[in-house]
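Undergrad: Structure in C-alpha coordinates, see below.
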Amino acid sequence: MPSGVVTALTFIVLLGLLWLFLRTTVLGRGFSVPLRTMLTRPVTHEYPEEPKPPEPRFHGRHQLNRYEDGLEKCIGCELCAWACPADAIYVQGADNTVDARFSPGERYAEDYQINYNRCIFCGLCIEACPTRALTMIHDYELSADSREDLVYTKFDLIESLPEGADEPPHNDRDVRARGIDYYGGLAASPPTLAGGDYAQAAPARPDSGTLANPVPDAEEEL
(Lines give C-alpha, C1' and ligand atoms only; values in the text may rest on other atoms or scores of the structure.)
Protein backbone atom coordinates (compact mmCIF):
# COMPACT_ATOMS: atom_id res chain seq x y z
CA MET A 1 0.00 0.00 0.00
CA PRO A 2 1.44 3.39 -0.96
CA SER A 3 2.76 5.50 1.88
CA GLY A 4 0.48 8.39 0.91
CA VAL A 5 -2.63 6.28 1.41
CA VAL A 6 -1.36 5.08 4.80
CA THR A 7 -0.72 8.64 5.85
CA ALA A 8 -4.22 9.72 4.77
CA LEU A 9 -5.87 6.80 6.58
CA THR A 10 -3.86 7.52 9.72
CA PHE A 11 -4.88 11.17 9.61
CA ILE A 12 -8.57 10.22 9.21
CA VAL A 13 -8.37 7.77 12.11
CA LEU A 14 -6.76 10.39 14.32
CA LEU A 15 -9.48 12.91 13.41
CA GLY A 16 -12.12 10.30 14.26
CA LEU A 17 -10.54 9.57 17.62
CA LEU A 18 -10.28 13.29 18.34
CA TRP A 19 -13.95 13.80 17.46
CA LEU A 20 -14.96 10.93 19.74
CA PHE A 21 -12.80 12.37 22.52
CA LEU A 22 -14.39 15.83 22.20
CA ARG A 23 -17.95 14.51 21.96
CA THR A 24 -18.10 11.62 24.38
CA THR A 25 -15.79 12.46 27.29
CA VAL A 26 -16.18 15.07 30.01
CA LEU A 27 -12.62 16.34 29.49
CA GLY A 28 -13.19 16.52 25.74
CA ARG A 29 -16.36 18.57 26.10
CA GLY A 30 -14.41 20.96 28.31
CA PHE A 31 -11.70 21.33 25.67
CA SER A 32 -14.31 21.88 22.93
CA VAL A 33 -15.40 25.21 24.45
CA PRO A 34 -12.11 27.10 23.88
CA LEU A 35 -11.62 25.30 20.57
CA ARG A 36 -14.97 26.64 19.32
CA THR A 37 -14.27 30.21 20.44
CA MET A 38 -10.54 30.61 19.76
CA LEU A 39 -11.16 31.54 16.12
CA THR A 40 -14.14 33.82 16.68
CA ARG A 41 -13.71 37.58 16.73
CA PRO A 42 -13.71 38.97 20.30
CA VAL A 43 -16.42 41.47 21.20
CA THR A 44 -14.80 44.32 23.11
CA HIS A 45 -16.57 47.52 24.19
CA GLU A 46 -14.40 50.52 25.01
CA TYR A 47 -16.11 51.26 28.31
CA PRO A 48 -16.75 53.96 29.48
CA GLU A 49 -16.16 55.76 26.16
CA GLU A 50 -18.41 53.32 24.27
CA PRO A 51 -20.64 51.52 26.80
CA LYS A 52 -22.53 48.45 25.61
CA PRO A 53 -26.25 49.16 25.23
CA PRO A 54 -28.30 46.99 27.60
CA GLU A 55 -31.01 44.59 26.50
CA PRO A 56 -34.57 46.00 26.20
CA ARG A 57 -35.77 44.09 29.31
CA PHE A 58 -32.75 45.05 31.43
CA HIS A 59 -33.62 46.28 34.94
CA GLY A 60 -31.29 48.99 36.21
CA ARG A 61 -31.81 52.03 38.42
CA HIS A 62 -35.31 52.84 39.66
CA GLN A 63 -37.34 55.82 38.49
CA LEU A 64 -40.43 57.52 39.93
CA ASN A 65 -42.67 58.45 37.02
CA ARG A 66 -45.03 61.35 36.38
CA TYR A 67 -48.22 61.89 34.41
CA GLU A 68 -48.14 64.04 31.29
CA ASP A 69 -49.25 67.11 33.27
CA GLY A 70 -46.47 66.75 35.86
CA LEU A 71 -48.41 65.08 38.69
CA GLU A 72 -46.54 62.26 40.41
CA LYS A 73 -47.82 58.71 39.91
CA CYS A 74 -46.65 57.61 43.35
CA ILE A 75 -49.48 57.71 45.92
CA GLY A 76 -47.35 56.83 48.96
CA CYS A 77 -49.02 53.45 49.53
CA GLU A 78 -45.71 51.82 50.59
CA LEU A 79 -46.51 48.55 48.78
CA CYS A 80 -43.09 48.64 47.14
CA ALA A 81 -41.42 48.85 50.55
CA TRP A 82 -43.48 45.91 51.84
CA ALA A 83 -42.62 43.82 48.76
CA CYS A 84 -38.87 44.49 48.94
CA PRO A 85 -37.11 41.36 50.29
CA ALA A 86 -33.95 43.31 51.13
CA ASP A 87 -35.69 46.12 53.06
CA ALA A 88 -34.03 48.65 50.75
CA ILE A 89 -36.99 51.03 50.24
CA TYR A 90 -38.31 53.66 52.64
CA VAL A 91 -41.51 55.59 51.88
CA GLN A 92 -43.12 58.32 53.96
CA GLY A 93 -46.57 59.29 52.68
CA ALA A 94 -48.40 62.56 53.22
CA ASP A 95 -51.89 63.89 52.41
CA ASN A 96 -52.61 66.07 49.41
CA THR A 97 -54.56 69.26 50.08
CA VAL A 98 -56.82 71.40 47.93
CA ASP A 99 -54.08 73.98 47.40
CA ALA A 100 -51.08 71.63 47.33
CA ARG A 101 -51.58 68.53 45.20
CA PHE A 102 -48.66 66.35 44.14
CA SER A 103 -50.53 63.24 42.93
CA PRO A 104 -54.08 62.47 41.75
CA GLY A 105 -54.87 60.35 44.81
CA GLU A 106 -55.45 61.23 48.43
CA ARG A 107 -51.77 60.84 49.35
CA TYR A 108 -48.33 61.22 47.80
CA ALA A 109 -44.79 60.22 48.72
CA GLU A 110 -43.35 63.05 50.78
CA ASP A 111 -40.09 61.13 51.24
CA TYR A 112 -38.87 58.25 49.09
CA GLN A 113 -35.50 56.53 49.47
CA ILE A 114 -33.85 53.46 47.94
CA ASN A 115 -30.68 52.09 49.54
CA TYR A 116 -28.59 50.59 46.73
CA ASN A 117 -26.22 49.10 49.31
CA ARG A 118 -29.04 46.60 49.93
CA CYS A 119 -30.99 46.49 46.66
CA ILE A 120 -30.72 43.17 44.80
CA PHE A 121 -32.54 44.40 41.64
CA CYS A 122 -35.14 41.64 41.84
CA GLY A 123 -37.93 43.83 40.44
CA LEU A 124 -40.55 42.81 43.03
CA CYS A 125 -41.09 46.46 43.95
CA ILE A 126 -42.16 47.48 40.45
CA GLU A 127 -44.50 44.48 40.27
CA ALA A 128 -46.19 45.58 43.51
CA CYS A 129 -46.74 49.20 42.44
CA PRO A 130 -50.47 49.72 41.65
CA THR A 131 -50.02 52.88 39.58
CA ARG A 132 -46.83 52.02 37.63
CA ALA A 133 -45.18 54.88 39.49
CA LEU A 134 -41.99 52.90 40.07
CA THR A 135 -40.14 51.40 37.12
CA MET A 136 -36.56 50.35 36.41
CA ILE A 137 -34.63 52.05 33.62
CA HIS A 138 -31.43 51.12 31.78
CA ASP A 139 -29.06 53.15 33.96
CA TYR A 140 -26.59 50.74 35.60
CA GLU A 141 -23.75 53.11 36.57
CA LEU A 142 -24.36 53.20 40.33
CA SER A 143 -20.84 53.35 41.74
CA ALA A 144 -20.13 55.85 44.52
CA ASP A 145 -17.32 56.91 46.84
CA SER A 146 -19.27 56.23 50.05
CA ARG A 147 -22.23 54.23 51.33
CA GLU A 148 -24.19 57.41 51.94
CA ASP A 149 -24.00 58.32 48.24
CA LEU A 150 -25.72 55.03 47.36
CA VAL A 151 -28.87 56.04 49.24
CA TYR A 152 -30.98 57.65 46.51
CA THR A 153 -33.65 60.12 47.61
CA LYS A 154 -36.83 61.21 45.85
CA PHE A 155 -34.90 64.06 44.25
CA ASP A 156 -32.54 61.53 42.63
CA LEU A 157 -35.28 59.13 41.52
CA ILE A 158 -38.10 61.38 40.29
CA GLU A 159 -38.58 61.78 36.55
CA SER A 160 -38.00 65.21 35.05
CA LEU A 161 -41.05 67.36 34.40
CA PRO A 162 -42.62 66.77 30.96
CA GLU A 163 -42.32 69.60 28.47
CA GLY A 164 -44.87 72.29 29.21
CA ALA A 165 -45.85 70.90 32.64
CA ASP A 166 -46.09 73.19 35.64
CA GLU A 167 -43.82 72.88 38.63
CA PRO A 168 -45.55 71.14 41.60
CA PRO A 169 -47.46 71.54 43.80
CA HIS A 170 -50.69 71.97 41.82
CA ASN A 171 -54.11 72.97 43.09
CA ASP A 172 -57.35 71.04 42.67
CA ARG A 173 -59.01 73.66 40.48
CA ASP A 174 -56.27 73.54 37.85
CA VAL A 175 -56.05 69.73 37.96
CA ARG A 176 -59.79 69.27 37.46
CA ALA A 177 -59.79 71.79 34.60
CA ARG A 178 -57.44 69.54 32.64
CA GLY A 179 -60.05 66.77 32.51
CA ILE A 180 -57.53 63.91 32.70
CA ASP A 181 -58.79 60.49 33.83
CA TYR A 182 -55.68 59.36 35.70
CA TYR A 183 -56.85 55.96 36.91
CA GLY A 184 -59.65 55.00 34.51
CA GLY A 185 -63.12 53.79 35.53
CA LEU A 186 -65.77 55.97 37.13
CA ALA A 187 -63.79 57.13 40.17
CA ALA A 188 -63.23 60.85 40.50
CA SER A 189 -59.56 61.68 40.16
CA PRO A 190 -58.50 63.68 41.99
CA PRO A 191 -61.14 63.04 44.67
CA THR A 192 -63.14 65.87 46.18
CA LEU A 193 -61.28 66.65 49.38
CA ALA A 194 -63.45 69.56 50.48
CA GLY A 195 -66.79 67.72 50.58
CA GLY A 196 -65.49 64.27 51.42
CA ASP A 197 -67.83 62.48 48.96
CA TYR A 198 -66.21 60.14 46.46
CA ALA A 199 -67.65 58.59 43.30
CA GLN A 200 -66.99 54.88 43.65
CA ALA A 201 -65.44 53.03 40.71
CA ALA A 202 -67.70 50.34 39.21
CA PRO A 203 -66.52 47.10 37.57
CA ALA A 204 -66.89 46.83 33.83
CA ARG A 205 -70.26 45.46 32.71
CA PRO A 206 -70.24 42.23 30.70
CA ASP A 207 -71.28 42.37 27.06
CA SER A 208 -74.03 39.80 27.57
CA GLY A 209 -75.93 38.27 30.47
CA THR A 210 -76.87 39.79 33.79
CA LEU A 211 -75.03 40.29 37.02
CA ALA A 212 -76.15 38.56 40.18
CA ASN A 213 -75.69 41.86 42.04
CA PRO A 214 -75.99 44.57 39.41
CA VAL A 215 -73.90 47.70 39.94
CA PRO A 216 -75.93 50.93 39.97
CA ASP A 217 -75.19 53.57 37.39
CA ALA A 218 -72.80 56.37 38.22
CA GLU A 219 -75.67 58.91 38.06
CA GLU A 220 -77.64 56.91 40.66
CA GLU A 221 -74.65 56.75 43.01
CA LEU A 222 -74.11 60.47 42.81
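Just so we're on the same page: first chain in the C-alpha coordinates is A, next is B, and so on; residues restart at 1 for each chain, and ligands are numbered from 1 in the order they show up.
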Do a neighbour search on segment 114-126 of chain A at 9 Å with only C-alpha atoms, toss out local chain neighbours closer than 4 positions, and write the hits as number ranges by chain.
TA: A: 59-62, 79-91, 130, 132-136, 142, 147-148, 150-154, 157
Undergrad: Report the residues of segment 57-106 of chain A whose backbone DSSP state falls under strand (DSSP E or B), written as a PyMOL selection string.
TA: chain A and resi 62-64+66+72+89-95+101
Undergrad: With N, CA and C atoms retained, write the just-selected residues as an mmCIF file, in the first residue's frame.
TA:
data_model
loop_
_atom_site.group_PDB
_atom_site.id
_atom_site.type_symbol
_atom_site.label_atom_id
_atom_site.label_comp_id
_atom_site.auth_asym_id
_atom_site.auth_seq_id
_atom_site.Cartn_x
_atom_site.Cartn_y
_atom_site.Cartn_z
ATOM 1 N N HIS A 62 -33.888 52.564 39.561
ATOM 2 C CA HIS A 62 -35.314 52.841 39.658
ATOM 3 C C HIS A 62 -35.628 54.274 39.227
ATOM 4 N N GLN A 63 -36.879 54.483 38.850
ATOM 5 C CA GLN A 63 -37.343 55.819 38.486
ATOM 6 C C GLN A 63 -38.783 55.997 38.944
ATOM 7 N N LEU A 64 -39.071 57.144 39.552
ATOM 8 C CA LEU A 64 -40.431 57.518 39.928
ATOM 9 C C LEU A 64 -41.027 58.337 38.793
ATOM 10 N N ARG A 66 -44.021 60.304 36.303
ATOM 11 C CA ARG A 66 -45.035 61.354 36.378
ATOM 12 C C ARG A 66 -46.083 61.146 35.287
ATOM 13 N N GLU A 72 -47.290 63.480 40.112
ATOM 14 C CA GLU A 72 -46.543 62.256 40.407
ATOM 15 C C GLU A 72 -47.484 61.058 40.418
ATOM 16 N N ILE A 89 -36.150 49.898 50.617
ATOM 17 C CA ILE A 89 -36.990 51.028 50.244
ATOM 18 C C ILE A 89 -37.649 51.615 51.482
ATOM 19 N N TYR A 90 -37.633 52.934 51.565
ATOM 20 C CA TYR A 90 -38.311 53.659 52.635
ATOM 21 C C TYR A 90 -39.244 54.684 51.996
ATOM 22 N N VAL A 91 -40.509 54.661 52.416
ATOM 23 C CA VAL A 91 -41.509 55.589 51.884
ATOM 24 C C VAL A 91 -42.228 56.248 53.043
ATOM 25 N N GLN A 92 -42.348 57.561 52.986
ATOM 26 C CA GLN A 92 -43.125 58.316 53.958
ATOM 27 C C GLN A 92 -44.211 59.061 53.196
ATOM 28 N N GLY A 93 -45.468 58.658 53.382
ATOM 29 C CA GLY A 93 -46.574 59.288 52.676
ATOM 30 C C GLY A 93 -47.090 60.508 53.409
ATOM 31 N N ALA A 94 -47.769 61.372 52.659
ATOM 32 C CA ALA A 94 -48.403 62.562 53.222
ATOM 33 C C ALA A 94 -49.688 62.831 52.447
ATOM 34 N N ASP A 95 -50.591 63.607 53.034
ATOM 35 C CA ASP A 95 -51.888 63.895 52.412
ATOM 36 C C ASP A 95 -51.777 65.071 51.455
ATOM 37 N N ARG A 101 -51.353 69.904 45.695
ATOM 38 C CA ARG A 101 -51.577 68.534 45.201
ATOM 39 C C ARG A 101 -50.350 68.088 44.418
#
Undergrad: Hey, what's within 12 Å of segment 29-46 of chain A if we count only C-alpha atoms and toss same-chain stuff fewer than 6 positions away? As a VMD selection string, please?
TA: chain A and resid 18 to 23 52 to 53
Undergrad: Do you have the atom CA of Arg107 of chain A-atom CA of Gly76 of chain A distance handy?
TA: 6.0 Å
Undergrad: To one decimal place, how far is atom CA of Asn65 of chain A from atom CA of Ser160 of chain A in Å?
TA: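 Rounded to one decimal, the two atoms are 8.4 Å apart.
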Undergrad: According to DSSP computed on the backbone, where in chain A is there alpha helix (DSSP H)? Give the residues as a ChimeraX atom specification.
TA: /A:3-24,26-37,79-83,124-128,154-157,172-178,218-221
Undergrad: Could you give me, as a VMD selection string, the residues within 10 Å of segment 102-106 of chain A, counting only C-alpha atoms and dropping anything in the same chain fewer than 5 positions from it?
TA: chain A and resid 66 to 67 70 to 76 94 to 97 167 to 172 175 to 176 180 to 183 188 to 193
Undergrad: When you count only C-alpha atoms, which of these residues is closest to Glu159 of chain A: A:Cys77, A:Pro51, A:Ile137, A:Tyr108?
TA: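 The shortest atom-to-atom distance to Glu159 of chain A comes from A:Ile137.
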Undergrad: I'd like the interatomic distance between atom CA of Pro162 of chain A and atom CA of Cys129 of chain A, to a tenth of an Å.
TA: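 Atom CA of Cys129 of chain A lies 21.4 Å from atom CA of Pro162 of chain A.
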